[in-house]
Structure formats: C-alpha cells, structure tokens
$ cat structure28.tsv   # TSV, C-alpha atoms
chain	number	residue	atom	x	y	z
A	1	GLY	CA	52.39	103.38	133.05
A	2	GLY	CA	48.72	104.22	132.93
A	3	ALA	CA	49.01	107.97	132.43
A	4	THR	CA	48.27	109.29	128.97
A	5	ALA	CA	50.31	112.03	127.36
A	6	ALA	CA	47.28	114.35	127.71
A	7	ALA	CA	47.02	113.70	131.45
A	8	MET	CA	50.72	114.36	131.89
A	9	ALA	CA	50.50	117.58	129.86
A	10	ASP	CA	47.53	118.79	131.91
A	11	ARG	CA	49.59	118.48	135.09
A	12	PHE	CA	51.79	121.27	133.73
A	13	TYR	CA	49.14	123.40	132.00
A	14	ASP	CA	46.09	124.50	133.96
A	15	TYR	CA	43.12	125.67	131.90
A	16	ASP	CA	40.60	127.70	133.87
A	17	ASP	CA	38.30	128.25	130.91
A	18	ALA	CA	36.47	124.92	130.47
A	19	GLU	CA	34.87	125.93	127.16
A	20	GLU	CA	38.28	126.89	125.76
A	21	ALA	CA	39.57	123.45	126.79
A	22	GLY	CA	36.80	121.84	124.74
A	23	GLU	CA	34.59	120.74	127.64
A	24	ARG	CA	30.86	121.31	127.37
A	25	GLY	CA	28.16	121.14	130.00
A	26	SER	CA	25.42	118.52	130.07
A	27	ASP	CA	23.00	121.04	128.55
A	28	PHE	CA	25.01	121.09	125.29
A	29	LEU	CA	22.72	120.38	122.33
A	30	LEU	CA	23.73	119.17	118.89
A	31	PRO	CA	21.98	120.57	115.81
A	32	ASP	CA	19.64	117.99	114.23
A	33	GLY	CA	21.66	117.99	110.99
A	34	VAL	CA	24.81	117.10	112.93
A	35	LYS	CA	22.99	114.33	114.85
A	36	ASP	CA	21.68	112.84	111.59
A	37	PHE	CA	25.12	113.04	110.01
A	38	LEU	CA	26.85	111.36	112.95
A	39	ARG	CA	24.32	108.51	113.01
A	40	GLU	CA	24.69	108.02	109.25
A	41	PHE	CA	28.49	108.17	109.42
A	42	ALA	CA	28.62	105.69	112.33
A	43	THR	CA	26.32	103.31	110.45
A	44	ALA	CA	28.55	103.51	107.37
A	45	VAL	CA	31.62	102.70	109.50
A	46	ARG	CA	29.84	99.84	111.28
A	47	ARG	CA	28.75	98.33	107.95
A	48	GLY	CA	32.15	98.87	106.34
A	49	SER	CA	30.60	100.78	103.43
A	50	LEU	CA	33.59	102.52	101.87
A	51	TYR	CA	31.34	104.47	99.49
A	52	ASP	CA	29.22	105.90	102.33
A	53	ILE	CA	32.22	106.54	104.59
A	54	THR	CA	33.93	108.44	101.77
A	55	ARG	CA	30.79	110.45	100.96
A	56	CYS	CA	30.22	111.34	104.61
A	57	TYR	CA	33.78	112.54	105.08
A	58	THR	CA	34.50	114.22	101.74
A	59	THR	CA	31.13	115.96	101.35
A	60	GLU	CA	29.03	116.14	104.49
A	61	TRP	CA	31.82	116.72	107.05
A	62	GLY	CA	32.98	119.83	105.16
A	63	LYS	CA	29.46	121.21	104.75
A	64	LEU	CA	28.69	120.83	108.44
A	65	THR	CA	32.09	122.24	109.42
A	66	ASP	CA	31.40	125.32	107.30
A	67	ARG	CA	27.93	125.70	108.77
A	68	TYR	CA	28.56	125.05	112.47
A	69	TYR	CA	32.25	124.64	113.31
A	70	GLN	CA	34.36	127.11	111.32
A	71	ARG	CA	35.81	128.71	114.45
A	72	THR	CA	34.95	126.13	117.11
A	73	PRO	CA	35.76	122.47	117.66
A	74	TRP	CA	33.34	119.76	116.67
A	75	PRO	CA	31.55	118.22	119.67
A	76	THR	CA	33.74	116.07	121.90
A	77	GLU	CA	33.63	112.29	121.93
A	78	ALA	CA	31.69	112.44	125.23
A	79	ASP	CA	29.11	114.71	123.56
A	80	ILE	CA	28.41	112.27	120.73
A	81	ALA	CA	29.11	108.80	122.21
A	82	PRO	CA	25.50	108.14	123.32
A	83	LEU	CA	24.25	109.18	119.89
A	84	VAL	CA	26.34	106.53	118.11
A	85	GLY	CA	25.85	103.75	120.66
A	86	HIS	CA	29.34	104.22	122.13
A	87	ASP	CA	30.74	102.47	119.02
A	88	ARG	CA	34.49	102.25	119.77
A	89	THR	CA	35.66	102.06	116.15
A	90	PHE	CA	33.57	105.03	115.07
A	91	LEU	CA	34.59	107.09	118.11
A	92	VAL	CA	38.30	106.53	117.43
A	93	LEU	CA	37.83	107.58	113.79
A	94	TYR	CA	35.73	110.56	114.90
A	95	ARG	CA	38.47	111.67	117.30
A	96	LEU	CA	40.99	111.53	114.44
A	97	LEU	CA	38.75	113.88	112.45
A	98	TYR	CA	38.10	116.04	115.50
A	99	HIS	CA	41.83	116.53	116.10
A	100	LYS	CA	42.52	117.10	112.41
A	101	HIS	CA	39.90	119.86	112.46
A	102	VAL	CA	41.41	121.44	115.58
A	103	MET	CA	44.97	121.31	114.25
A	104	THR	CA	44.29	122.39	110.66
A	105	ASN	CA	41.40	124.85	111.03
A	106	LEU	CA	41.34	126.23	114.54
A	107	THR	CA	45.07	126.86	114.93
A	108	LYS	CA	44.66	129.60	112.32
A	109	HIS	CA	42.85	131.59	115.02
A	110	ALA	CA	44.68	130.49	118.18
A	111	PRO	CA	47.71	128.27	118.81
A	112	ALA	CA	47.05	124.70	119.87
A	113	LYS	CA	47.61	123.86	123.53
A	114	PRO	CA	50.08	121.17	124.59
A	115	SER	CA	47.20	118.99	125.82
A	116	GLN	CA	45.61	119.17	122.34
A	117	TYR	CA	48.78	117.83	120.76
A	118	ALA	CA	48.97	115.12	123.42
A	119	ASP	CA	45.31	114.17	122.92
A	120	SER	CA	45.88	113.96	119.18
A	121	TRP	CA	48.91	111.72	119.70
A	122	ASP	CA	46.97	109.44	122.08
A	123	THR	CA	44.19	109.16	119.48
A	124	TYR	CA	46.63	108.08	116.77
A	125	LEU	CA	48.07	105.46	119.13
A	126	GLU	CA	44.57	104.13	119.82
A	127	PHE	CA	43.77	104.14	116.09
A	128	PHE	CA	46.84	102.06	115.26
A	129	ALA	CA	46.05	99.65	118.13
A	130	LEU	CA	42.55	99.27	116.65
A	131	VAL	CA	44.00	98.55	113.20
A	132	LEU	CA	46.32	95.91	114.68
A	133	GLU	CA	43.43	94.32	116.61
A	134	ASP	CA	41.38	94.20	113.41
A	135	ALA	CA	44.23	92.56	111.51
A	136	ALA	CA	44.56	89.95	114.28
A	137	ASP	CA	40.80	89.26	114.06
A	138	GLY	CA	40.95	88.53	110.35
A	139	GLY	CA	40.82	92.06	108.99
A	140	ASP	CA	37.05	92.29	108.51
A	141	GLY	CA	36.45	95.10	111.00
A	142	ASP	CA	33.75	93.40	113.06
A	143	GLY	CA	35.98	91.74	115.65
A	144	ASP	CA	34.49	88.24	115.40
A	145	GLY	CA	37.49	86.65	113.71
A	146	ASP	CA	35.58	85.08	110.82
A	147	GLY	CA	37.09	87.22	108.07
A	148	GLU	CA	33.64	88.37	106.89
A	149	THR	CA	32.10	91.79	107.39
A	150	ALA	CA	28.88	92.08	109.33
A	151	ALA	CA	27.02	93.54	106.32
A	152	ALA	CA	25.61	91.27	103.65
A	153	GLY	CA	28.00	90.95	100.73
A	154	GLY	CA	30.61	93.02	102.57
A	155	GLY	CA	29.51	96.18	100.79
A	156	GLY	CA	27.01	97.47	103.30
A	157	GLY	CA	24.03	97.01	101.02
A	158	GLY	CA	22.12	94.42	103.05

$ encode --input "structure28.tsv" --output "structure tokens"
Amino acid sequence: GGATAAAMADRFYDYDDAEEAGERGSDFLLPDGVKDFLREFATAVRRGSLYDITRCYTTEWGKLTDRYYQRTPWPTEADIAPLVGHDRTFLVLYRLLYHKHVMTNLTKHAPAKPSQYADSWDTYLEFFALVLEDAADGGDGDGDGDGETAAAGGGGGG
C-alpha cells in the first residue's frame, strides 16, 4: 500500500481553506531571523553537534515561536526545504517539531484535524525508519557506513 494515513484521512475530510490546512502560496516569505535559525539548526544536525542542536531547540526555537508562531504553524517542510538543501534528516526532525508545535500549542485555540494527526503519525514512522537506517549504516548519522561522523572529531568543531 502506497497511501499514507494523511492521504487516506484527506479523502474523508475536505478542507476548502488552504491556509487553515497549512498550505502557503509561492509568495510566502520567511522572516530573516527564521531563515538564519533554520540554516544554523540544519548545519548543527548535519554535523552531529549535540551542543548546537540542543541550543537551537531549547533556546532559539522557543524564542522564534513566541515571536512569530504563537497562534500559527511554523512554515511547512515545502516552505523550508530549499533553504536547508532538502536535507532529509533535518526535514524529518523539523517535521517532528512542526507537529509537536501544532499539537501542543495550536490545539489550545482550535482542535486538530484528522489529517494533522495522520501527518504526525506518518512523520514518526519516517523518523523511526531513519533511525533504523542510521543504525544499519554504523550509527554515525552520515549514511556512509564507516562509523565516523562527517565532522572532524565527531563533535562538529572542524
């Protein structure tokens, strides 16, 4: 079966309001601070820098959420993919954070839609598949099977 849970849910729930469904037009612009953050966060993930990943999530994510996304979703994966070089690992992690934000912050103002739950579930499935792929490649996160991270010294400082 090739159909995702989200696609199946959308067959039963028709959303006429594209913005409410989280879709943005091609003229959608990201604030410069959000662009800088996403590039920095993606670089930290790519390098495997636990310190920088933790700082980005525990400090910067919350600040930017408070400033720009208190009552709206963060930009979609499609909105940010070109900005982070379509990095699969980062985009899966970003979608986890995106759905966490929707489910924990935005459902205070409006109930989540069935397709949002289904999208969140699909993202967790993809995340666990990514973790299993990484473990099969030697667990270093770069997918080359050598057991060494791409960054010098494995700490992202090179």

$ closest_residue --input "structure28.tsv" --among "A:Phe37, A:Gly138, A:Phe128, A:Thr59" --to "Ile80 in chain A" --atoms "all atoms listed in the file"
A:Phe37

$ atom_distance --input "structure28.tsv" --atom1 "CA of Leu106 in chain A" --atom2 "CA of Gly85 in chain A"
28.0 Å

$ residues_around --input "structure28.tsv" --residues "Ala44 in chain A" --least-positions-apart "5" --cutoff "10 Å" --atoms "only C-alpha atoms" --output "ChimeraX atom specification"
/A:38-39,49-56,90,155-156

$ write_last_selection --input "structure28.tsv" --atoms "C-alpha atoms" --output "CSV table (one decimal), in the coordinates of the input"
chain,number,residue,atom,x,y,z
A,38,LEU,CA,26.8,111.4,113.0
A,39,ARG,CA,24.3,108.5,113.0
A,49,SER,CA,30.6,100.8,103.4
A,50,LEU,CA,33.6,102.5,101.9
A,51,TYR,CA,31.3,104.5,99.5
A,52,ASP,CA,29.2,105.9,102.3
A,53,ILE,CA,32.2,106.5,104.6
A,54,THR,CA,33.9,108.4,101.8
A,55,ARG,CA,30.8,110.4,101.0
A,56,CYS,CA,30.2,111.3,104.6
A,90,PHE,CA,33.6,105.0,115.1
A,155,GLY,CA,29.5,96.2,100.8
A,156,GLY,CA,27.0,97.5,103.3

$ residues_around --input "structure28.tsv" --residues "Gly33 in chain A" --least-positions-apart "2" --cutoff "12 Å" --atoms "only C-alpha atoms" --output "PyMOL selection string"
chain A and resi 29-31+35-40+60-61+63-65+67-68

$ atom_distance --input "structure28.tsv" --atom1 "CA of Glu126 in chain A" --atom2 "CA of Asp66 in chain A"
27.9 Å
